[in-house]
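This is structure_28.txt. It holds compact mmCIF, C-alpha atoms and all ligand atoms.
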# COMPACT_ATOMS: atom_id res chain seq x y z
CA MET C 225 162.12 101.18 94.63
CA ALA C 226 161.61 98.14 96.86
CA ILE C 227 163.27 95.74 94.41
CA GLN C 228 166.53 97.75 94.50
CA GLU C 229 166.58 97.48 98.28
CA THR C 230 166.94 93.70 97.96
CA ASP C 231 170.54 94.50 97.11
CA TYR C 232 171.04 95.80 100.64
CA ASP C 233 169.77 92.46 102.02
CA ALA C 234 172.46 90.68 100.01
CA LEU C 235 175.15 93.21 100.92
CA PHE C 236 174.53 93.21 104.66
CA SER C 237 174.21 89.42 104.72
CA ARG C 238 177.63 89.15 103.08
CA TYR C 239 179.00 91.67 105.56
CA SER C 240 177.68 89.64 108.48
CA ALA C 241 179.01 86.33 107.09
CA THR C 242 182.40 87.94 106.52
CA ASN C 243 182.53 89.36 110.05
CA LYS C 244 181.73 85.94 111.46
CA GLY C 245 184.65 84.43 109.55
CA TYR C 246 182.70 82.41 106.96
CA LEU C 247 183.99 84.45 104.04
CA GLU C 248 187.12 86.41 103.31
CA ASP C 249 186.60 89.62 101.38
CA GLU C 250 189.08 92.45 101.74
CA TYR C 251 186.90 94.81 99.68
CA LEU C 252 183.52 94.36 101.30
CA ALA C 253 183.86 96.59 104.38
CA GLU C 254 185.46 99.26 102.20
CA LEU C 255 182.63 99.20 99.63
CA LEU C 256 179.97 99.14 102.31
CA GLN C 257 181.36 102.11 104.23
CA SER C 258 181.90 103.98 101.00
CA LEU C 259 178.30 103.29 99.92
CA ILE C 260 177.06 104.58 103.26
CA ASP C 261 179.20 107.72 102.89
CA VAL C 262 177.96 108.52 99.38
CA SER C 263 174.32 107.48 99.93
CA PRO C 264 173.17 111.06 100.75
CA LEU C 265 174.19 112.11 97.22
CA SER C 266 171.17 110.33 95.78
CA ALA C 267 168.64 111.72 98.29
CA GLN C 268 166.39 114.61 97.30
CA SER C 269 166.26 116.57 100.58
CA PRO C 270 168.48 117.00 103.67
CA HIS C 271 165.86 115.04 105.63
CA GLN C 272 166.02 112.12 103.18
CA GLN C 273 169.81 112.30 103.20
CA MET C 274 169.89 111.77 106.95
CA ASN C 275 167.32 108.99 106.80
CA THR C 276 169.15 107.08 104.06
CA LYS C 277 172.42 107.20 105.93
CA ARG C 278 170.81 106.32 109.27
CA LYS C 279 168.99 103.37 107.74
CA LEU C 280 172.19 101.96 106.23
CA LEU C 281 174.12 102.43 109.48
CA ARG C 282 171.33 100.60 111.34
CA MET C 283 171.47 97.74 108.81
CA LYS C 284 175.24 97.56 109.20
CA LYS C 285 174.86 96.99 112.96
CA SER C 286 172.06 94.41 112.68
CA ILE C 287 173.00 90.86 113.61
CA LYS C 288 172.10 88.05 111.21
CA MET C 289 171.02 84.62 112.40
CA PRO C 290 173.53 81.74 112.03
CA ILE C 291 171.30 80.09 109.41
CA ILE C 292 171.48 83.26 107.27
CA ASN C 293 175.26 83.50 107.66
CA ARG C 294 175.67 79.90 106.61
CA GLY C 295 173.32 80.34 103.65
CA THR C 296 175.20 83.43 102.50
CA TYR C 297 178.48 81.56 102.81
CA ILE C 298 177.36 78.56 100.78
CA ARG C 299 175.75 80.74 98.10
CA THR C 300 178.97 82.73 97.66
CA PHE C 301 181.14 79.62 97.79
CA ALA C 302 178.98 77.82 95.22
CA ILE C 303 178.99 80.68 92.72
CA ASP C 304 182.72 81.34 93.17
CA SER C 305 183.44 77.63 92.61
CA VAL C 306 181.58 77.55 89.28
CA ILE C 307 183.20 80.82 88.13
CA GLU C 308 186.63 79.35 89.00
CA SER C 309 185.79 76.21 87.07
CA PHE C 310 184.76 78.31 84.05
CA LEU C 311 187.91 80.47 84.18
CA ASN C 312 190.15 77.41 84.64
CA SER C 313 188.66 75.96 81.45
CA PHE C 314 190.00 78.89 79.40
CA PRO C 315 193.43 79.56 80.98
CA ASN C 316 194.96 81.27 77.96
CA GLU C 317 191.98 82.97 76.38
CA LYS C 318 190.22 86.25 76.93
CA THR C 319 187.11 85.64 79.04
CA GLN C 320 184.17 87.69 80.22
CA VAL C 321 181.78 87.64 83.18
CA VAL C 322 178.49 89.49 82.70
CA SER C 323 176.82 90.09 86.04
CA LEU C 324 173.12 90.94 85.66
CA GLY C 325 171.53 92.87 88.54
CA ALA C 326 174.99 92.95 90.13
CA GLY C 327 174.00 95.39 92.90
CA SER C 328 176.90 95.84 95.31
CA ASP C 329 178.58 92.53 94.58
CA THR C 330 182.34 92.73 95.27
CA ARG C 331 183.45 89.97 92.90
CA VAL C 332 184.73 92.47 90.35
CA PHE C 333 187.35 93.54 92.92
CA ARG C 334 188.09 90.02 94.10
CA TYR C 335 188.70 88.83 90.53
CA SER C 336 190.52 91.96 89.39
CA ASN C 337 193.94 90.27 89.38
CA ARG C 338 192.89 87.73 86.74
CA PRO C 339 194.62 88.41 83.45
CA ASN C 340 192.47 88.41 80.31
CA LEU C 341 189.25 88.74 82.27
CA ARG C 342 186.70 91.45 81.51
CA TRP C 343 183.94 92.01 84.07
CA ILE C 344 180.62 93.61 83.11
CA GLU C 345 178.03 94.67 85.67
CA CYS C 346 174.59 96.15 85.14
CA ASP C 347 171.72 97.16 87.37
CA PHE C 348 169.19 99.98 87.66
CA GLU C 349 170.67 103.44 87.10
CA GLN C 350 170.37 104.57 90.73
CA THR C 351 172.16 101.46 92.03
CA VAL C 352 174.90 101.70 89.43
CA LYS C 353 175.48 105.41 90.07
CA LEU C 354 175.83 104.87 93.81
CA LYS C 355 178.23 101.98 93.23
CA LYS C 356 180.26 104.18 90.90
CA CYS C 357 180.39 106.96 93.53
CA ALA C 358 181.34 104.45 96.25
CA ILE C 359 184.22 103.27 94.05
CA LEU C 360 185.32 106.84 93.30
CA LYS C 361 185.22 107.70 97.02
CA SER C 362 187.63 104.91 97.98
CA THR C 363 191.29 105.00 96.95
CA LYS C 364 191.53 101.25 97.52
CA LEU C 365 188.59 100.45 95.21
CA ARG C 366 189.63 103.02 92.61
CA ASN C 367 193.18 101.71 92.51
CA CYS C 368 192.00 98.13 92.35
CA LEU C 369 190.11 98.85 89.12
CA GLY C 370 192.45 101.52 87.77
CA ILE C 371 189.91 104.36 87.74
CA ASP C 372 190.74 108.02 87.99
CA GLU C 373 187.68 110.26 88.10
CA GLN C 374 186.36 112.92 90.48
CA LEU C 375 183.61 112.10 92.97
CA PRO C 376 180.60 114.47 92.72
CA THR C 377 180.39 116.74 95.75
CA ASN C 378 176.67 117.49 95.79
CA ASN C 379 173.26 116.34 94.66
CA GLU C 380 173.31 118.43 91.46
CA GLU C 381 176.66 117.01 90.33
CA PHE C 382 175.40 113.53 91.18
CA LYS C 383 172.36 114.03 88.93
CA SER C 384 174.48 114.91 85.93
CA LEU C 385 177.12 112.22 86.56
CA SER C 386 177.34 109.52 83.92
CA SER C 387 176.56 106.18 85.53
CA THR C 388 179.09 104.27 83.44
CA ILE C 389 182.59 103.10 84.31
CA ASP C 390 184.38 101.79 81.25
CA THR C 391 187.94 100.46 81.49
CA PRO C 392 189.59 97.68 79.47
CA SER C 393 188.72 95.16 82.21
CA TYR C 394 185.54 96.58 83.75
CA LEU C 395 182.25 97.91 82.46
CA LEU C 396 179.64 99.21 84.91
CA GLN C 397 176.48 100.10 83.03
CA ALA C 398 172.94 101.16 83.92
CA LEU C 399 170.40 98.83 82.35
CA ASP C 400 166.84 97.92 83.22
CA LEU C 401 166.79 94.24 82.32
CA ASN C 402 163.17 94.56 81.23
CA GLU C 403 164.41 96.89 78.49
CA PHE C 404 167.34 94.78 77.34
CA THR C 405 166.55 94.32 73.66
CA ASP C 406 169.92 94.67 71.96
CA PHE C 407 173.15 93.05 73.12
CA ARG C 408 175.02 96.24 72.10
CA GLN C 409 173.42 97.98 75.10
CA LEU C 410 176.18 96.28 77.11
CA ASP C 411 179.20 96.42 74.80
CA ILE C 412 179.69 92.69 75.10
CA HIS C 413 182.71 91.09 73.43
CA ASP C 414 182.49 87.78 71.59
CA VAL C 415 184.79 85.79 73.92
CA PRO C 416 183.99 82.83 76.21
CA THR C 417 181.47 84.30 78.65
CA ILE C 418 179.62 83.32 81.78
CA VAL C 419 176.51 85.34 82.60
CA LEU C 420 175.80 85.52 86.31
CA ALA C 421 172.25 86.07 87.56
CA GLU C 422 172.51 85.84 91.35
CA CYS C 423 169.09 86.27 92.92
CA VAL C 424 167.87 88.31 89.95
CA PHE C 425 165.78 86.09 87.63
CA CYS C 426 163.42 85.45 90.56
CA TYR C 427 162.28 89.10 90.37
CA LEU C 428 161.77 89.14 86.62
CA PRO C 429 158.89 87.91 84.46
CA ASP C 430 159.45 84.85 82.28
CA SER C 431 159.43 86.98 79.14
CA THR C 432 162.42 89.05 80.37
CA CYS C 433 164.44 86.01 81.51
CA ASN C 434 163.81 84.17 78.24
CA ASN C 435 164.65 87.25 76.21
CA ILE C 436 167.96 87.73 78.08
CA LEU C 437 168.90 84.07 77.64
CA SER C 438 168.18 83.96 73.94
CA LEU C 439 169.66 87.41 73.21
CA LEU C 440 173.01 86.61 74.87
CA ASN C 441 173.07 83.02 73.67
CA THR C 442 172.71 84.10 70.06
CA SER C 443 175.06 87.14 70.32
CA ILE C 444 178.03 85.38 71.94
CA SER C 445 179.47 82.23 70.32
CA ASN C 446 180.45 80.64 73.63
CA CYS C 447 178.02 81.83 76.31
CA SER C 448 177.12 80.06 79.55
CA PHE C 449 174.78 81.09 82.35
CA LEU C 450 175.04 80.74 86.12
CA ILE C 451 171.76 81.28 87.90
CA TYR C 452 171.10 81.28 91.64
CA ASP C 453 167.52 81.62 92.85
CA PRO C 454 165.07 80.63 95.56
CA MET C 455 162.42 78.00 94.73
CA GLY C 456 158.97 77.85 96.33
CA GLY C 457 158.84 74.03 96.47
CA GLU C 458 155.79 71.93 95.54
CA GLN C 459 152.43 73.69 95.38
CA SER C 460 151.57 72.25 98.82
CA ASP C 461 154.86 73.55 100.29
CA ASN C 462 154.43 76.16 103.00
CA PHE C 463 157.88 77.66 102.46
CA GLY C 464 156.99 79.29 99.15
CA LYS C 465 153.71 80.68 100.43
CA VAL C 466 155.37 82.22 103.50
CA MET C 467 158.08 83.73 101.32
CA VAL C 468 155.57 85.20 98.85
CA ASN C 469 153.60 86.75 101.75
CA ASN C 470 156.71 88.18 103.42
CA LEU C 471 157.85 89.75 100.16
CA ALA C 472 154.38 91.12 99.39
CA GLN C 473 154.53 93.03 102.68
CA ARG C 474 157.65 94.75 101.31
CA ASN C 475 155.96 95.34 97.97
CA ILE C 476 158.21 92.86 96.17
CA SER C 477 157.04 90.02 93.96
CA MET C 478 158.76 86.89 92.74
CA PRO C 479 156.57 85.92 89.80
CA ASN C 480 157.99 82.43 89.27
CA LEU C 481 158.73 81.26 92.79
CA MET C 482 155.97 78.61 92.72
CA LYS C 483 155.90 78.04 88.95
CA TYR C 484 159.52 76.84 88.97
CA GLY C 485 159.40 75.66 92.56
CA THR C 486 161.54 72.50 92.20
CA LEU C 487 164.73 71.44 90.43
CA ASP C 488 162.66 69.35 88.01
CA ALA C 489 160.47 72.30 87.11
CA GLN C 490 163.58 74.48 86.61
CA ASN C 491 165.11 71.78 84.40
CA VAL C 492 161.98 71.57 82.22
CA ARG C 493 161.93 75.39 82.06
CA PHE C 494 165.43 75.71 80.63
CA GLN C 495 165.25 72.61 78.41
CA ALA C 496 162.07 73.95 76.82
CA LEU C 497 163.87 77.07 75.61
CA GLY C 498 165.91 75.02 73.11
CA LEU C 499 169.07 77.02 73.75
CA ASN C 500 171.27 74.08 72.86
CA LEU C 501 173.06 74.36 76.21
CA ASN C 502 173.76 71.60 78.71
CA VAL C 503 171.92 72.06 81.99
CA ALA C 504 173.23 71.23 85.46
CA LEU C 505 171.17 71.85 88.58
CA ALA C 506 171.68 71.44 92.32
CA THR C 507 170.06 72.67 95.48
CA ILE C 508 172.27 74.56 97.90
CA ASP C 509 171.68 71.72 100.35
CA HIS C 510 173.41 69.38 97.88
CA VAL C 511 176.27 71.87 97.49
CA MET C 512 176.68 72.03 101.26
CA GLU C 513 176.80 68.24 101.52
CA THR C 514 179.01 67.41 98.57
CA TRP C 515 181.17 70.36 97.50
CA LEU C 516 182.90 71.22 100.77
CA SER C 517 185.99 69.44 102.03
CA GLN C 518 185.88 67.86 105.50
CA GLU C 519 188.31 70.53 106.72
CA GLU C 520 186.14 73.36 105.44
CA LEU C 521 183.01 71.80 106.96
CA ALA C 522 184.81 71.45 110.29
CA ARG C 523 186.03 75.05 110.07
CA ILE C 524 182.61 76.60 109.43
CA SER C 525 180.84 74.40 111.98
CA LYS C 526 183.06 75.94 114.67
CA LEU C 527 182.28 79.53 113.76
CA GLU C 528 178.99 79.81 115.61
CA PHE C 529 176.44 77.58 117.26
CA LEU C 530 173.70 76.41 114.90
CA ASP C 531 171.09 74.22 116.51
CA GLU C 532 168.49 74.36 113.73
CA LEU C 533 170.20 71.80 111.48
CA GLU C 534 166.93 70.39 110.09
CA GLU C 535 165.62 73.90 109.45
CA CYS C 536 168.88 74.73 107.72
CA LYS C 537 168.61 71.69 105.43
CA LEU C 538 165.02 72.56 104.59
CA LEU C 539 165.93 76.17 103.81
CA PHE C 540 168.86 75.17 101.61
CA LYS C 541 166.65 72.76 99.64
CA HIS C 542 164.73 75.85 98.54
CA TYR C 543 167.67 77.54 96.81
CA CYS C 544 169.13 76.32 93.56
CA LEU C 545 172.22 76.76 91.47
CA ILE C 546 171.77 76.27 87.74
CA VAL C 547 174.50 76.20 85.11
CA LEU C 548 173.64 76.32 81.41
CA TYR C 549 176.89 75.63 79.61
CA LYS C 550 178.71 74.68 76.45
CA GLY C 551 182.37 74.50 75.41
CA TRP C 552 183.46 73.61 78.97
CA LYS C 553 182.08 71.61 81.87
CA PRO C 554 181.68 72.59 85.53
CA GLU C 555 183.82 70.22 87.58
CA GLN C 556 181.42 70.12 90.55
CA SER C 557 178.79 67.45 91.24
CA PHE C 558 175.20 68.32 90.37
CA GLN C 559 171.93 66.51 91.11
CA VAL C 560 170.43 66.86 87.66
CA LYS C 561 172.47 66.92 84.47
CA ALA C 562 170.76 67.20 81.14
CA ILE C 563 172.86 67.18 78.02
CA ALA C 564 171.66 69.27 75.08
C1 LIG F 601 168.77 90.46 95.58
S1 LIG F 601 169.67 91.67 94.73
C2 LIG F 601 171.06 90.72 94.21
C3 LIG F 601 172.27 91.56 93.95
C4 LIG F 601 173.53 90.74 93.57
N1 LIG F 601 173.30 89.99 92.35
C5 LIG F 601 173.88 89.82 94.69
O1 LIG F 601 173.48 88.65 94.68
O2 LIG F 601 174.51 90.28 95.64
C6 LIG F 601 168.76 91.85 93.20
C7 LIG F 601 169.38 92.88 92.28
O3 LIG F 601 168.73 92.80 91.02
C8 LIG F 601 168.52 94.12 90.55
N2 LIG F 601 167.39 94.11 89.61
C9 LIG F 601 166.15 93.63 89.81
N3 LIG F 601 165.39 93.84 88.73
C10 LIG F 601 166.17 94.46 87.80
C11 LIG F 601 165.94 94.96 86.49
N4 LIG F 601 164.75 94.88 85.90
N5 LIG F 601 166.98 95.54 85.86
C12 LIG F 601 168.20 95.65 86.45
N6 LIG F 601 168.46 95.21 87.70
C13 LIG F 601 167.46 94.63 88.37
C14 LIG F 601 168.21 94.91 91.82
O4 LIG F 601 168.38 96.29 91.65
C15 LIG F 601 169.21 94.30 92.79
O5 LIG F 601 170.46 94.96 92.76
What would you get if you wrote out this structure as structure tokens?
Amino acid sequence: MAIQETDYDALFSRYSATNKGYLEDEYLAELLQSLIDVSPLSAQSPHQQMNTKRKLLRMKKSIKMPIINRGTYIRTFAIDSVIESFLNSFPNEKTQVVSLGAGSDTRVFRYSNRPNLRWIECDFEQTVKLKKCAILKSTKLRNCLGIDEQLPTNNEEFKSLSSTIDTPSYLLQALDLNEFTDFRQLDIHDVPTIVLAECVFCYLPDSTCNNILSLLNTSISNCSFLIYDPMGGEQSDNFGKVMVNNLAQRNISMPNLMKYGTLDAQNVRFQALGLNLNVALATIDHVMETWLSQEELARISKLEFLDELEECKLLFKHYCLIVLYKGWKPEQSFQVKAIA
């Protein structure tokens, strides 16, 4: 399915940004290679098996433009910063991160040394199964999460493999978000929780997003949301139109790209739901300008030559970070803050 392939865009962008020195991630190369190694397990025929592996190897070698590397860096930095802020607000309590459409995100490994933290990830079954196999294939990843299970050796074993990993600190679960009707589908605990939707709500219809927000908000006493998405801009904005056309060529749609094209429109969207949560919103351009220290700015500006600074600013104005929160407060600066 085309929508699942968007995970590879995110994965290979992170790989490129890490190789260039923007990000540090000791698990990324391991997960990526492991995913490439196990990818034939999900293919139906030997021909497909070769194609899948070849395609991933080609993607691994492809070089990303500096603007993409910088965007990937700031997106990861921004989300990590808010998660840190959330975790720091509950230093002695059990906490939970629920990552919706987690794809091949590596945060679960990067945050695995946090005591009292439970990490839940869900995505389509095929994506989750491959991630599970990639974890089982790698001693480093298995040890990191404390998992001891045998990797399937062929296509038949893969088909009958359960897609779930369930340990005291990690739950990996297949779930089509359009069919998320009961919070018990995810074995969620009632502890302070932040729900991460990184580049996921943009692919879902309003009805699904609203359903997820209200379901989790009513099931967990202290539930916050961290949403990262592209925005199409004003109706007259060319950026959104170009993006919609590019995605359509890949058979992917972002139903709300233009409807919630600006921070104001996003603010109205979440206020209207009456979730009783505070709302904080910022574009990634604002994050770049105000969240980074001078030293960090100097460090990343030396990594590679970027002459399209205006283009970069314009691009970053089209991505937003939204925090819906209660019971704690993100310590970062936001452009719009609406108190419930
Ligand atoms: C652009 S990727 C982002 C992956 C990850 N959150 C990240 O930022 O690296 C979008 C992810 O959302 C998942 N996704 C999209 N629609 C979904 C649905 N209805 N149910 C579950 N997952 C979905 C895709 O499979 C994919 O892994």
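Residues in contact with Glu528 in chain C at 10 Å, where all atoms listed in the file are counted and same-chain residues fewer than 5 positions away are skipped, are listed as Lys244, Gly245, Tyr246, Met289, Pro290, Ile291, Asn293 and Arg294 of chain C.
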Using all atoms listed in the file, the shortest atom-to-atom distance to ligand LIG 601 (chain F) among C:Leu505, C:Ile436, C:Leu401, C:Ala267 belongs to C:Leu401
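Near range 536-541 of chain C, within 10 Å and counting only C-alpha atoms, sit C:Pro290, C:Ile291, C:Ile292, C:Arg294, C:Gly295, C:Ile298, C:Arg299, C:Pro454, C:Met455, C:Gly456, C:Gly457, C:Phe463, C:Thr486, C:Leu487, C:Ala506, C:Thr507, C:Ile508, C:Asp509, C:His510, C:Val511, C:Met512, C:Glu513, C:Leu530, C:Asp531, C:Glu532, C:Leu533, C:Glu534, C:Tyr543, C:Cys544, not including residues fewer than 2 positions from it in the same chain.
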Closest of C:Lys355, C:Lys465, C:Arg334, C:Lys561 to ligand LIG 601 (chain F), counting all atoms listed in the file, is C:Lys355
Long-range neighbours of range 259-265 of chain C as a ChimeraX atom specification, 10 Å cut-off, only C-alpha atoms, 5 positions minimum in chain: /C:253-254,270-281,284,328,353-362,375-383
Expected answer as a list of chain:residue names: residues within 6 Å of ligand LIG 601 (chain F), all atoms listed in the file: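 Final answer, ordered by chain and number: C:Ile227, C:Gln228, C:Thr230, C:Asp231, C:Ala234, C:Gly325, C:Ala326, C:Gly327, C:Asp329, C:Asp347, C:Phe348, C:Leu399, C:Asp400, C:Leu401, C:Asn402, C:Glu422, C:Cys423, C:Val424, C:Tyr427.
Distances from C:Ile546, C:Leu497, C:Val466, C:Leu471 to Asp430 in chain C were compared using all atoms listed in the file, and the smallest one belongs to C:Leu497.
Residue nearest Glu403 in chain C, chosen from C:Thr300, C:Thr319, C:Ser431, C:Ser557 and counting all atoms listed in the file: C:Ser431.
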Coordinates-based distance that separates CA of Ala504 in chain C from CA of Gln556 in chain C (Å, one decimal):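 A separation of 9.7 Å between them.
Non-sequential neighbours of Leu420 in chain C (distance at most 7 Å, separation of 2 or more positions within a chain, only C-alpha atoms) are C:Val322, C:Ser323, C:Leu324, C:Ile418, C:Glu422, C:Phe449, C:Leu450, C:Ile451.
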Write out as JSON, numbers by chain each polymer residue whose atoms come within 9 Å of Gln350 in chain C, counting all atoms listed in the file; drop sequence neighbours fewer than 6 positions from it. {"C": [228, 266, 387, 398]}
To one decimal place, how far is CA of Ala472 in chain C from CA of Ala302 in chain C in Å?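 About the pair CA of Ala472 in chain C and CA of Ala302 in chain C: they are 28.3 Å apart.
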For a test of reading the model, state the distance in Å between CA of Gln397 in chain C and CA of Val352 in chain C, rounded to one decimal.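 About the pair CA of Gln397 in chain C and CA of Val352 in chain C: they are 6.8 Å apart.
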Could you check which of C:Leu548, C:Cys346, C:Leu252, C:Ala421 is closest to Thr330 in chain C, using all atoms listed in the file? C:Leu252
Centre and edge lengths of an axis-aligned box around all listed atoms of range 549-558 of chain C, with 5 Å added on each side, are to be given in Å to one decimal, as JSON.
{"center_x": 179.5, "center_y": 71.5, "center_z": 83.3, "size_x": 18.6, "size_y": 18.2, "size_z": 25.8}
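Proximity to Tyr239 in chain C was assessed for C:Lys288, C:His413, C:Arg342, C:Arg366 counting all atoms listed in the file; the smallest distance is recorded for C:Lys288.
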If we draw a sphere of 10 Å around (178.0, 87.5, 72.4), which residues have at least one atom in it when counting only C-alpha atoms? Please report them as a PyMOL selection string. chain C and resi 320+407-408+411-417+439-447
Give me, as a tab-separated table, the closest atom pair and its distance (Å, one decimal) for every residue of range 282-311 of chain C within a cut-off of 9 Å of range 550-554 of chain C, counting only C-alpha atoms, rows sorted by chain and rising number.
residue	atom	partner	partner_atom	distance
C:Ser305	CA	C:Pro554	CA	8.9
C:Val306	CA	C:Pro554	CA	6.2
C:Ile307	CA	C:Pro554	CA	8.8
C:Ser309	CA	C:Pro554	CA	5.7
C:Phe310	CA	C:Pro554	CA	6.7
